[in-house]
file work.pdb (PDB, C-alpha atoms, pLDDT in the B column)
ATOM      1  CA  MET A1444      28.163  18.128  16.518  1.00 43.00           C
ATOM      2  CA  PRO A1445      27.853  16.742  20.057  1.00 46.00           C
ATOM      3  CA  ALA A1446      24.746  14.629  20.652  1.00 52.00           C
ATOM      4  CA  ASP A1447      23.594  17.120  23.293  1.00 58.00           C
ATOM      5  CA  ASP A1448      23.262  19.795  20.580  1.00 75.00           C
ATOM      6  CA  LEU A1449      20.961  17.694  18.384  1.00 78.00           C
ATOM      7  CA  PRO A1450      17.362  18.755  18.005  1.00 85.00           C
ATOM      8  CA  GLU A1451      15.014  16.251  19.631  1.00 83.00           C
ATOM      9  CA  THR A1452      12.813  15.634  16.580  1.00 88.00           C
ATOM     10  CA  PHE A1453      13.045  16.078  12.836  1.00 91.00           C
ATOM     11  CA  HIS A1454       9.555  16.443  11.334  1.00 90.00           C
ATOM     12  CA  VAL A1455       9.281  14.959   7.844  1.00 91.00           C
ATOM     13  CA  THR A1456       7.174  17.452   5.901  1.00 89.00           C
ATOM     14  CA  THR A1457       8.208  17.345   2.227  1.00 90.00           C
ATOM     15  CA  ASP A1458       7.784  14.733  -0.487  1.00 87.00           C
ATOM     16  CA  GLU A1459      11.581  14.593  -0.888  1.00 91.00           C
ATOM     17  CA  GLN A1460      12.012  13.795   2.824  1.00 92.00           C
ATOM     18  CA  LEU A1461       9.238  11.198   2.738  1.00 88.00           C
ATOM     19  CA  ARG A1462      10.779   9.490  -0.301  1.00 89.00           C
ATOM     20  CA  ALA A1463      14.157   9.491   1.452  1.00 92.00           C
ATOM     21  CA  VAL A1464      12.884   7.758   4.613  1.00 90.00           C
ATOM     22  CA  SER A1465      10.561   5.399   2.720  1.00 88.00           C
ATOM     23  CA  ASN A1466      13.474   3.431   1.259  1.00 92.00           C
ATOM     24  CA  LEU A1467      14.522   0.383   3.314  1.00 90.00           C
ATOM     25  CA  THR A1468      18.231   0.822   2.523  1.00 94.00           C
ATOM     26  CA  ARG A1469      18.162   4.432   3.702  1.00 94.00           C
ATOM     27  CA  HIS A1470      16.210   3.362   6.798  1.00 91.00           C
ATOM     28  CA  ARG A1471      19.047   0.942   7.598  1.00 91.00           C
ATOM     29  CA  ILE A1472      21.676   3.642   6.983  1.00 95.00           C
ATOM     30  CA  MET A1473      19.892   5.924   9.440  1.00 94.00           C
ATOM     31  CA  ALA A1474      19.907   3.059  11.956  1.00 89.00           C
ATOM     32  CA  VAL A1475      23.707   2.912  11.628  1.00 91.00           C
ATOM     33  CA  LEU A1476      23.926   6.656  12.277  1.00 93.00           C
ATOM     34  CA  ARG A1477      21.479   6.613  15.183  1.00 86.00           C
ATOM     35  CA  PHE A1478      24.146   6.450  17.910  1.00 82.00           C
ATOM     36  CA  GLU A1479      27.402   7.606  16.372  1.00 88.00           C
ATOM     37  CA  PRO A1480      28.794   9.266  13.254  1.00 94.00           C
ATOM     38  CA  ALA A1481      30.198   7.062  10.494  1.00 96.00           C
ATOM     39  CA  THR A1482      31.998   7.422   7.175  1.00 96.00           C
ATOM     40  CA  ILE A1483      30.677   6.121   3.865  1.00 96.00           C
ATOM     41  CA  THR A1484      33.049   3.150   4.173  1.00 95.00           C
ATOM     42  CA  GLN A1485      31.824   2.337   7.688  1.00 95.00           C
ATOM     43  CA  ILE A1486      28.194   2.679   6.618  1.00 96.00           C
ATOM     44  CA  ALA A1487      28.769   0.445   3.579  1.00 96.00           C
ATOM     45  CA  GLU A1488      30.340  -2.257   5.766  1.00 95.00           C
ATOM     46  CA  ARG A1489      27.572  -2.160   8.388  1.00 92.00           C
ATOM     47  CA  VAL A1490      24.707  -2.190   5.874  1.00 92.00           C
ATOM     48  CA  GLY A1491      26.357  -4.581   3.412  1.00 92.00           C
ATOM     49  CA  LEU A1492      26.468  -2.210   0.439  1.00 94.00           C
ATOM     50  CA  ALA A1493      29.066  -1.179  -2.092  1.00 96.00           C
ATOM     51  CA  LYS A1494      30.648   2.175  -1.204  1.00 94.00           C
ATOM     52  CA  GLY A1495      29.143   3.786  -4.308  1.00 95.00           C
ATOM     53  CA  SER A1496      25.616   2.697  -3.367  1.00 96.00           C
ATOM     54  CA  SER A1497      26.164   3.787   0.205  1.00 96.00           C
ATOM     55  CA  SER A1498      27.378   7.186  -0.973  1.00 96.00           C
ATOM     56  CA  TYR A1499      24.348   7.609  -3.251  1.00 97.00           C
ATOM     57  CA  HIS A1500      21.862   6.862  -0.457  1.00 97.00           C
ATOM     58  CA  VAL A1501      23.676   9.082   2.071  1.00 97.00           C
ATOM     59  CA  ARG A1502      23.655  11.979  -0.435  1.00 97.00           C
ATOM     60  CA  LEU A1503      19.862  11.623  -0.806  1.00 96.00           C
ATOM     61  CA  LEU A1504      19.453  11.611   2.981  1.00 97.00           C
ATOM     62  CA  GLU A1505      21.737  14.633   3.287  1.00 97.00           C
ATOM     63  CA  ARG A1506      19.865  16.538   0.547  1.00 96.00           C
ATOM     64  CA  ALA A1507      16.596  15.828   2.422  1.00 95.00           C
ATOM     65  CA  GLY A1508      18.144  17.208   5.631  1.00 95.00           C
ATOM     66  CA  LEU A1509      17.908  13.929   7.544  1.00 95.00           C
ATOM     67  CA  VAL A1510      21.677  13.424   7.960  1.00 96.00           C
ATOM     68  CA  LYS A1511      24.572  15.837   7.914  1.00 95.00           C
ATOM     69  CA  VAL A1512      28.340  15.966   7.948  1.00 96.00           C
ATOM     70  CA  VAL A1513      29.466  16.445  11.536  1.00 94.00           C
ATOM     71  CA  ARG A1514      33.220  16.337  11.038  1.00 94.00           C
ATOM     72  CA  THR A1515      35.889  15.790   8.410  1.00 94.00           C
ATOM     73  CA  ARG A1516      39.473  14.620   8.418  1.00 92.00           C
ATOM     74  CA  LYS A1517      42.155  14.256   5.791  1.00 89.00           C
ATOM     75  CA  VAL A1518      43.264  10.673   5.123  1.00 86.00           C
ATOM     76  CA  ARG A1519      46.003  10.094   2.524  1.00 88.00           C
ATOM     77  CA  GLY A1520      45.078  13.315   0.722  1.00 88.00           C
ATOM     78  CA  VAL A1521      41.331  12.567   0.670  1.00 87.00           C
ATOM     79  CA  ILE A1522      38.743  14.333   2.816  1.00 90.00           C
ATOM     80  CA  GLU A1523      36.830  11.754   4.857  1.00 93.00           C
ATOM     81  CA  ARG A1524      33.373  12.876   5.981  1.00 95.00           C
ATOM     82  CA  TYR A1525      31.595  11.616   9.095  1.00 97.00           C
ATOM     83  CA  TYR A1526      27.804  11.628   8.848  1.00 97.00           C
ATOM     84  CA  ALA A1527      25.277  11.665  11.683  1.00 95.00           C
ATOM     85  CA  MET A1528      21.528  11.985  12.087  1.00 94.00           C
ATOM     86  CA  ALA A1529      20.191  15.550  12.005  1.00 94.00           C
ATOM     87  CA  ALA A1530      18.002  14.889  15.087  1.00 92.00           C
ATOM     88  CA  ARG A1531      17.526  12.276  17.816  1.00 85.00           C
ATOM     89  CA  SER A1532      14.287  11.037  16.265  1.00 84.00           C
ATOM     90  CA  ILE A1533      12.295  11.399  13.077  1.00 86.00           C
ATOM     91  CA  GLU A1534       8.559  12.002  13.062  1.00 86.00           C
ATOM     92  CA  LEU A1535       6.693  10.917   9.968  1.00 83.00           C
ATOM     93  CA  PRO A1536       3.306  12.234   8.923  1.00 81.00           C
ATOM     94  CA  ASP A1537       0.401   9.851   9.437  1.00 78.00           C
ATOM     95  CA  PRO A1538      -0.064   7.693   6.362  1.00 75.00           C
ATOM     96  CA  ALA A1539      -2.966   8.656   4.139  1.00 69.00           C
ATOM     97  CA  GLU A1540      -6.049   6.553   4.666  1.00 62.00           C
ATOM     98  CA  GLY A1541      -5.304   3.142   3.213  1.00 60.00           C
ATOM     99  CA  GLY A1542      -1.708   4.164   2.473  1.00 62.00           C
ATOM    100  CA  PRO A1543       1.379   2.242   3.557  1.00 66.00           C
ATOM    101  CA  ASP A1544       2.777   2.780   7.025  1.00 80.00           C
ATOM    102  CA  VAL A1545       6.504   3.181   6.348  1.00 81.00           C
ATOM    103  CA  VAL A1546       7.540   2.573   9.963  1.00 79.00           C
ATOM    104  CA  MET A1547       5.706  -0.730  10.192  1.00 83.00           C
ATOM    105  CA  ARG A1548       6.905  -1.908   6.768  1.00 85.00           C
ATOM    106  CA  HIS A1549      10.506  -1.243   7.768  1.00 84.00           C
ATOM    107  CA  ALA A1550       9.970  -2.915  11.140  1.00 85.00           C
ATOM    108  CA  VAL A1551       8.595  -6.065   9.508  1.00 87.00           C
ATOM    109  CA  ALA A1552      11.463  -6.118   6.972  1.00 86.00           C
ATOM    110  CA  ASP A1553      14.023  -5.760   9.779  1.00 85.00           C
ATOM    111  CA  LEU A1554      12.281  -8.457  11.847  1.00 86.00           C
ATOM    112  CA  GLU A1555      12.240 -10.850   8.893  1.00 85.00           C
ATOM    113  CA  ALA A1556      15.941 -10.161   8.242  1.00 84.00           C
ATOM    114  CA  SER A1557      16.941 -10.719  11.879  1.00 84.00           C
ATOM    115  CA  ALA A1558      18.612 -13.952  12.957  1.00 82.00           C
ATOM    116  CA  ALA A1559      15.942 -16.616  13.417  1.00 80.00           C
ATOM    117  CA  ASP A1560      17.952 -18.239  16.205  1.00 83.00           C
ATOM    118  CA  GLY A1561      18.426 -14.948  18.107  1.00 82.00           C
ATOM    119  CA  GLU A1562      16.323 -13.908  21.056  1.00 86.00           C
ATOM    120  CA  ARG A1563      13.199 -12.039  19.964  1.00 86.00           C
ATOM    121  CA  HIS A1564      10.129 -10.855  21.791  1.00 87.00           C
ATOM    122  CA  VAL A1565       7.209 -10.570  19.376  1.00 86.00           C
ATOM    123  CA  ARG A1566       3.626 -10.465  20.501  1.00 86.00           C
ATOM    124  CA  MET A1567       0.285  -9.355  19.210  1.00 87.00           C
ATOM    125  CA  ALA A1568      -2.586  -8.816  21.607  1.00 90.00           C
ATOM    126  CA  HIS A1569      -6.147  -7.863  20.775  1.00 91.00           C
ATOM    127  CA  LEU A1570      -7.550  -5.634  23.508  1.00 93.00           C
ATOM    128  CA  ARG A1571     -10.823  -3.973  24.362  1.00 93.00           C
ATOM    129  CA  LEU A1572     -10.111  -0.701  26.130  1.00 95.00           C
ATOM    130  CA  THR A1573     -11.881   2.459  27.115  1.00 96.00           C
ATOM    131  CA  GLU A1574     -10.549   5.613  25.447  1.00 96.00           C
ATOM    132  CA  GLU A1575      -8.863   6.511  28.743  1.00 97.00           C
ATOM    133  CA  GLN A1576      -7.160   3.101  28.956  1.00 97.00           C
ATOM    134  CA  PHE A1577      -6.134   3.372  25.304  1.00 95.00           C
ATOM    135  CA  ALA A1578      -4.544   6.783  25.909  1.00 96.00           C
ATOM    136  CA  GLU A1579      -2.856   5.616  29.115  1.00 97.00           C
ATOM    137  CA  LEU A1580      -1.366   2.523  27.454  1.00 96.00           C
ATOM    138  CA  GLY A1581      -0.066   4.636  24.576  1.00 94.00           C
ATOM    139  CA  ALA A1582       1.549   7.102  26.966  1.00 96.00           C
ATOM    140  CA  ARG A1583       3.123   4.295  29.017  1.00 96.00           C
ATOM    141  CA  MET A1584       4.575   2.643  25.893  1.00 94.00           C
ATOM    142  CA  HIS A1585       6.067   5.964  24.754  1.00 92.00           C
ATOM    143  CA  ALA A1586       7.539   6.594  28.225  1.00 94.00           C
ATOM    144  CA  LEU A1587       9.045   3.102  28.376  1.00 94.00           C
ATOM    145  CA  ALA A1588      10.607   3.494  24.917  1.00 91.00           C
ATOM    146  CA  ASP A1589      12.038   6.909  25.907  1.00 88.00           C
ATOM    147  CA  GLU A1590      13.409   5.488  29.167  1.00 92.00           C
ATOM    148  CA  TYR A1591      15.290   2.713  27.380  1.00 91.00           C
ATOM    149  CA  ARG A1592      16.448   4.986  24.564  1.00 85.00           C
ATOM    150  CA  LYS A1593      18.219   7.100  27.201  1.00 86.00           C
ATOM    151  CA  LEU A1594      19.938   3.949  28.499  1.00 89.00           C
ATOM    152  CA  SER A1595      21.215   3.006  25.030  1.00 85.00           C
ATOM    153  CA  ASP A1596      24.957   2.525  24.748  1.00 85.00           C
ATOM    154  CA  PRO A1597      26.538   2.636  21.254  1.00 78.00           C
ATOM    155  CA  ALA A1598      29.003  -0.050  22.353  1.00 84.00           C
ATOM    156  CA  LEU A1599      26.197  -2.582  22.820  1.00 85.00           C
ATOM    157  CA  PRO A1600      24.468  -4.600  20.085  1.00 83.00           C
ATOM    158  CA  ASP A1601      21.511  -2.988  18.327  1.00 82.00           C
ATOM    159  CA  ALA A1602      17.989  -3.790  19.439  1.00 86.00           C
ATOM    160  CA  THR A1603      14.824  -2.465  17.822  1.00 86.00           C
ATOM    161  CA  LEU A1604      11.598  -1.700  19.614  1.00 86.00           C
ATOM    162  CA  VAL A1605       8.477  -1.139  17.555  1.00 86.00           C
ATOM    163  CA  PHE A1606       4.985  -0.826  18.891  1.00 86.00           C
ATOM    164  CA  ALA A1607       1.645  -0.031  17.383  1.00 86.00           C
ATOM    165  CA  LEU A1608      -1.488   0.694  19.344  1.00 88.00           C
ATOM    166  CA  PHE A1609      -4.439   1.419  17.113  1.00 87.00           C
ATOM    167  CA  HIS A1610      -8.116   0.863  16.521  1.00 87.00           C
ATOM    168  CA  PRO A1611      -8.403  -1.560  13.587  1.00 84.00           C
ATOM    169  CA  ALA A1612     -10.785  -0.815  10.740  1.00 77.00           C
ATOM    170  CA  ARG A1613     -14.126  -2.496  11.003  1.00 75.00           C
ATOM    171  CA  LEU A1614     -14.455  -5.434   8.636  1.00 64.00           C
ATOM    172  CA  GLY A1615     -16.787  -3.542   6.303  1.00 59.00           C
ATOM    173  CA  GLN A1616     -14.343  -0.592   6.149  1.00 52.00           C
ATOM    174  CA  ALA A1617     -11.175  -2.538   5.330  1.00 50.00           C
ATOM    175  CA  ALA A1618     -10.011  -2.850   1.710  1.00 51.00           C
ATOM    176  CA  GLY A1619     -12.328  -0.206   0.309  1.00 52.00           C
ATOM    177  CA  GLY A1620     -15.463  -1.562   1.956  1.00 49.00           C
ATOM    178  CA  ALA A1621     -15.218  -5.091   0.521  1.00 48.00           C
ATOM    179  CA  GLU A1622     -16.489  -7.753   2.879  1.00 44.00           C
TER     180      GLU A1622
END

call {"tool": "encode", "arguments": {"input": "work.pdb", "output": "structure tokens"}}
result
Amino acid sequence: MPADDLPETFHVTTDEQLRAVSNLTRHRIMAVLRFEPATITQIAERVGLAKGSSSYHVRLLERAGLVKVVRTRKVRGVIERYYAMAARSIELPDPAEGGPDVVMRHAVADLEASAADGERHVRMAHLRLTEEQFAELGARMHALADEYRKLSDPALPDATLVFALFHPARLGQAAGGAE
């Protein structure tokens, strides 16, 4: 399936889909498939898994509708399948109050696994904004991410951009009201 034919967004709505994307290994497999189709062997090599484990995780993603076979070819009598993402992006439901934020957990795991001597830009800033400023900053961050996503070239090294703009819980509200 050409990338132009992909739906823009896949909305995660079922428990099966949420379980599929909540796993860090499957998150990393989807990152491999983000820009170009790959076989189980290629996925296993990129993620650092055994082919059997890679196949298991891809089957779960396929059953959940997050990835699909986009082409096949016969190699030495065996059908080789190429998998790709089912959409350009995945939208997760908001985590339940106090529940884990899958996106941020995966982002932190990927950041911690990245090369310590590589170039990284990590920053946390505490801001005080009006609701209008808050909305404007959120919109600008989304637009900037979309702009650079369109510039992405599969031939270039991977880079991950994660941002979170939110109103933190008040101290008395965090951790079930414990102060």

call {"tool": "atom_distance", "arguments": {"input": "work.pdb", "atom1": "CA of Pro1536 (chain A)", "atom2": "CA of Leu1504 (chain A)"}}
result
17.2 Å

call {"tool": "resolve_selection", "arguments": {"input": "work.pdb", "expression": "the PyMOL selection byres ((chain A and resi 1450) around 10)", "output": "VMD selection string"}}
result
chain A and resid 1446 to 1449 1451 to 1453 1528 to 1532

call {"tool": "residues_around", "arguments": {"input": "work.pdb", "residues": "region 1552-1568 of chain A", "least_positions_apart": "2", "cutoff": "12 Å", "atoms": "only C-alpha atoms", "output": "list of chain:residue names"}}
result
A:Asn1466, A:Leu1467, A:Thr1468, A:His1470, A:Arg1471, A:Ala1474, A:Val1490, A:Val1545, A:Val1546, A:Met1547, A:Arg1548, A:His1549, A:Ala1550, A:Leu1570, A:Arg1571, A:Leu1572, A:Asp1601, A:Ala1602, A:Thr1603, A:Leu1604, A:Val1605, A:Phe1606, A:Ala1607, A:Leu1608, A:Phe1609

call {"tool": "atom_distance", "arguments": {"input": "work.pdb", "atom1": "CA of Val1475 (chain A)", "atom2": "CA of Thr1515 (chain A)"}}
result
18.0 Å

call {"tool": "atom_distance", "arguments": {"input": "work.pdb", "atom1": "CA of Lys1517 (chain A)", "atom2": "CA of Ile1486 (chain A)"}}
result
18.2 Å

call {"tool": "resolve_selection", "arguments": {"input": "work.pdb", "expression": "the PyMOL selection byres ((chain A and resi 1485) around 12)", "output": "number ranges by chain"}}
result
A: 1472, 1475-1476, 1479-1484, 1486-1494, 1497-1498, 1501, 1523-1526

call {"tool": "write_last_selection", "arguments": {"input": "work.pdb", "atoms": "C-alpha atoms", "output": "short mmCIF file (atom, residue, chain, number, x, y, z; two decimals), keeping the file's coordinate frame"}}
result
data_model
loop_
_atom_site.label_atom_id
_atom_site.label_comp_id
_atom_site.auth_asym_id
_atom_site.auth_seq_id
_atom_site.Cartn_x
_atom_site.Cartn_y
_atom_site.Cartn_z
CA ILE A 1472 21.68 3.64 6.98
CA VAL A 1475 23.71 2.91 11.63
CA LEU A 1476 23.93 6.66 12.28
CA GLU A 1479 27.40 7.61 16.37
CA PRO A 1480 28.79 9.27 13.25
CA ALA A 1481 30.20 7.06 10.49
CA THR A 1482 32.00 7.42 7.18
CA ILE A 1483 30.68 6.12 3.86
CA THR A 1484 33.05 3.15 4.17
CA ILE A 1486 28.19 2.68 6.62
CA ALA A 1487 28.77 0.44 3.58
CA GLU A 1488 30.34 -2.26 5.77
CA ARG A 1489 27.57 -2.16 8.39
CA VAL A 1490 24.71 -2.19 5.87
CA GLY A 1491 26.36 -4.58 3.41
CA LEU A 1492 26.47 -2.21 0.44
CA ALA A 1493 29.07 -1.18 -2.09
CA LYS A 1494 30.65 2.17 -1.20
CA SER A 1497 26.16 3.79 0.20
CA SER A 1498 27.38 7.19 -0.97
CA VAL A 1501 23.68 9.08 2.07
CA GLU A 1523 36.83 11.75 4.86
CA ARG A 1524 33.37 12.88 5.98
CA TYR A 1525 31.60 11.62 9.10
CA TYR A 1526 27.80 11.63 8.85
#

call {"tool": "closest_residue", "arguments": {"input": "work.pdb", "among": "A:Phe1478, A:Leu1503, A:Thr1573, A:Pro1538", "to": "Leu1594 (chain A)", "atoms": "only C-alpha atoms"}}
result
A:Phe1478

call {"tool": "residues_around", "arguments": {"input": "work.pdb", "residues": "Ala1507 (chain A)", "least_positions_apart": "6", "cutoff": "12 Å", "atoms": "only C-alpha atoms", "output": "CSV table (one decimal) with C-alpha atoms, keeping the file's coordinate frame"}}
result
chain,number,residue,atom,x,y,z
A,1453,PHE,CA,13.0,16.1,12.8
A,1454,HIS,CA,9.6,16.4,11.3
A,1455,VAL,CA,9.3,15.0,7.8
A,1456,THR,CA,7.2,17.5,5.9
A,1457,THR,CA,8.2,17.3,2.2
A,1458,ASP,CA,7.8,14.7,-0.5
A,1459,GLU,CA,11.6,14.6,-0.9
A,1460,GLN,CA,12.0,13.8,2.8
A,1461,LEU,CA,9.2,11.2,2.7
A,1462,ARG,CA,10.8,9.5,-0.3
A,1463,ALA,CA,14.2,9.5,1.5
A,1464,VAL,CA,12.9,7.8,4.6
A,1469,ARG,CA,18.2,4.4,3.7
A,1500,HIS,CA,21.9,6.9,-0.5
A,1501,VAL,CA,23.7,9.1,2.1
A,1528,MET,CA,21.5,12.0,12.1
A,1529,ALA,CA,20.2,15.6,12.0

call {"tool": "decode", "arguments": {"input": "work.pdb", "residues": "region 1589-1599 of chain A", "atoms": "all heavy atoms", "output": "PDB file, in the first residue's frame"}}
result
ATOM      1  N   ASP A1589       4.268  18.269  13.162  1.00  0.00           N
ATOM      2  CA  ASP A1589       3.734  17.881  11.848  1.00  0.00           C
ATOM      3  C   ASP A1589       4.642  18.348  10.719  1.00  0.00           C
ATOM      4  O   ASP A1589       4.871  17.625   9.745  1.00  0.00           O
ATOM      5  CB  ASP A1589       2.328  18.450  11.647  1.00  0.00           C
ATOM      6  CG  ASP A1589       1.289  17.758  12.518  1.00  0.00           C
ATOM      7  OD1 ASP A1589       1.567  16.655  13.036  1.00  0.00           O
ATOM      8  OD2 ASP A1589       0.194  18.343  12.684  1.00  0.00           O
ATOM      9  N   GLU A1590       5.171  19.567  10.843  1.00  0.00           N
ATOM     10  CA  GLU A1590       6.066  20.108   9.816  1.00  0.00           C
ATOM     11  C   GLU A1590       7.300  19.222   9.653  1.00  0.00           C
ATOM     12  O   GLU A1590       7.687  18.870   8.539  1.00  0.00           O
ATOM     13  CB  GLU A1590       6.489  21.526  10.210  1.00  0.00           C
ATOM     14  CG  GLU A1590       7.507  22.157   9.287  1.00  0.00           C
ATOM     15  CD  GLU A1590       7.993  23.516   9.798  1.00  0.00           C
ATOM     16  OE1 GLU A1590       7.297  24.167  10.609  1.00  0.00           O
ATOM     17  OE2 GLU A1590       9.097  23.919   9.364  1.00  0.00           O
ATOM     18  N   TYR A1591       7.903  18.828  10.762  1.00  0.00           N
ATOM     19  CA  TYR A1591       9.115  18.010  10.672  1.00  0.00           C
ATOM     20  C   TYR A1591       8.810  16.560  10.321  1.00  0.00           C
ATOM     21  O   TYR A1591       9.635  15.884   9.704  1.00  0.00           O
ATOM     22  CB  TYR A1591       9.948  18.131  11.952  1.00  0.00           C
ATOM     23  CG  TYR A1591      10.821  19.359  11.885  1.00  0.00           C
ATOM     24  CD1 TYR A1591      10.329  20.606  12.262  1.00  0.00           C
ATOM     25  CD2 TYR A1591      12.104  19.286  11.369  1.00  0.00           C
ATOM     26  CE1 TYR A1591      11.101  21.745  12.154  1.00  0.00           C
ATOM     27  CE2 TYR A1591      12.886  20.421  11.259  1.00  0.00           C
ATOM     28  CZ  TYR A1591      12.391  21.645  11.653  1.00  0.00           C
ATOM     29  OH  TYR A1591      13.163  22.759  11.526  1.00  0.00           O
ATOM     30  N   ARG A1592       7.636  16.074  10.672  1.00  0.00           N
ATOM     31  CA  ARG A1592       7.261  14.718  10.264  1.00  0.00           C
ATOM     32  C   ARG A1592       7.181  14.638   8.748  1.00  0.00           C
ATOM     33  O   ARG A1592       7.598  13.661   8.131  1.00  0.00           O
ATOM     34  CB  ARG A1592       5.929  14.311  10.893  1.00  0.00           C
ATOM     35  CG  ARG A1592       5.596  12.846  10.610  1.00  0.00           C
ATOM     36  CD  ARG A1592       4.335  12.414  11.248  1.00  0.00           C
ATOM     37  NE  ARG A1592       3.231  13.134  10.616  1.00  0.00           N
ATOM     38  CZ  ARG A1592       1.972  12.828  10.778  1.00  0.00           C
ATOM     39  NH1 ARG A1592       1.631  11.844  11.567  1.00  0.00           N
ATOM     40  NH2 ARG A1592       1.024  13.503  10.166  1.00  0.00           N
ATOM     41  N   LYS A1593       6.680  15.690   8.107  1.00  0.00           N
ATOM     42  CA  LYS A1593       6.590  15.719   6.644  1.00  0.00           C
ATOM     43  C   LYS A1593       7.973  15.763   5.994  1.00  0.00           C
ATOM     44  O   LYS A1593       8.144  15.325   4.856  1.00  0.00           O
ATOM     45  CB  LYS A1593       5.747  16.906   6.187  1.00  0.00           C
ATOM     46  CG  LYS A1593       4.279  16.746   6.511  1.00  0.00           C
ATOM     47  CD  LYS A1593       3.475  17.979   6.168  1.00  0.00           C
ATOM     48  CE  LYS A1593       2.039  17.810   6.638  1.00  0.00           C
ATOM     49  NZ  LYS A1593       1.294  19.054   6.630  1.00  0.00           N
ATOM     50  N   LEU A1594       8.956  16.287   6.704  1.00  0.00           N
ATOM     51  CA  LEU A1594      10.325  16.354   6.180  1.00  0.00           C
ATOM     52  C   LEU A1594      11.107  15.057   6.399  1.00  0.00           C
ATOM     53  O   LEU A1594      12.205  14.908   5.873  1.00  0.00           O
ATOM     54  CB  LEU A1594      11.092  17.500   6.862  1.00  0.00           C
ATOM     55  CG  LEU A1594      10.584  18.918   6.606  1.00  0.00           C
ATOM     56  CD1 LEU A1594      11.347  19.910   7.476  1.00  0.00           C
ATOM     57  CD2 LEU A1594      10.708  19.272   5.137  1.00  0.00           C
ATOM     58  N   SER A1595      10.551  14.132   7.156  1.00  0.00           N
ATOM     59  CA  SER A1595      11.255  12.900   7.507  1.00  0.00           C
ATOM     60  C   SER A1595      11.623  12.101   6.270  1.00  0.00           C
ATOM     61  O   SER A1595      10.819  11.947   5.353  1.00  0.00           O
ATOM     62  CB  SER A1595      10.392  12.038   8.435  1.00  0.00           C
ATOM     63  OG  SER A1595      10.279  12.639   9.692  1.00  0.00           O
ATOM     64  N   ASP A1596      12.833  11.583   6.278  1.00  0.00           N
ATOM     65  CA  ASP A1596      13.358  10.778   5.186  1.00  0.00           C
ATOM     66  C   ASP A1596      13.757   9.424   5.768  1.00  0.00           C
ATOM     67  O   ASP A1596      14.591   9.367   6.674  1.00  0.00           O
ATOM     68  CB  ASP A1596      14.576  11.483   4.580  1.00  0.00           C
ATOM     69  CG  ASP A1596      15.213  10.731   3.429  1.00  0.00           C
ATOM     70  OD1 ASP A1596      14.927   9.530   3.241  1.00  0.00           O
ATOM     71  OD2 ASP A1596      16.018  11.359   2.719  1.00  0.00           O
ATOM     72  N   PRO A1597      13.177   8.317   5.279  1.00  0.00           N
ATOM     73  CA  PRO A1597      13.500   6.997   5.822  1.00  0.00           C
ATOM     74  C   PRO A1597      14.979   6.640   5.730  1.00  0.00           C
ATOM     75  O   PRO A1597      15.445   5.768   6.450  1.00  0.00           O
ATOM     76  CB  PRO A1597      12.666   6.034   4.983  1.00  0.00           C
ATOM     77  CG  PRO A1597      11.661   6.856   4.291  1.00  0.00           C
ATOM     78  CD  PRO A1597      12.183   8.247   4.221  1.00  0.00           C
ATOM     79  N   ALA A1598      15.723   7.314   4.861  1.00  0.00           N
ATOM     80  CA  ALA A1598      17.142   7.011   4.712  1.00  0.00           C
ATOM     81  C   ALA A1598      17.983   7.634   5.830  1.00  0.00           C
ATOM     82  O   ALA A1598      19.156   7.288   5.985  1.00  0.00           O
ATOM     83  CB  ALA A1598      17.638   7.522   3.358  1.00  0.00           C
ATOM     84  N   LEU A1599      17.403   8.537   6.586  1.00  0.00           N
ATOM     85  CA  LEU A1599      18.138   9.221   7.649  1.00  0.00           C
ATOM     86  C   LEU A1599      17.956   8.501   8.978  1.00  0.00           C
ATOM     87  O   LEU A1599      17.008   7.746   9.157  1.00  0.00           O
ATOM     88  CB  LEU A1599      17.652  10.669   7.763  1.00  0.00           C
ATOM     89  CG  LEU A1599      17.883  11.536   6.528  1.00  0.00           C
ATOM     90  CD1 LEU A1599      17.236  12.905   6.709  1.00  0.00           C
ATOM     91  CD2 LEU A1599      19.374  11.675   6.254  1.00  0.00           C
TER      92      LEU A1599
END
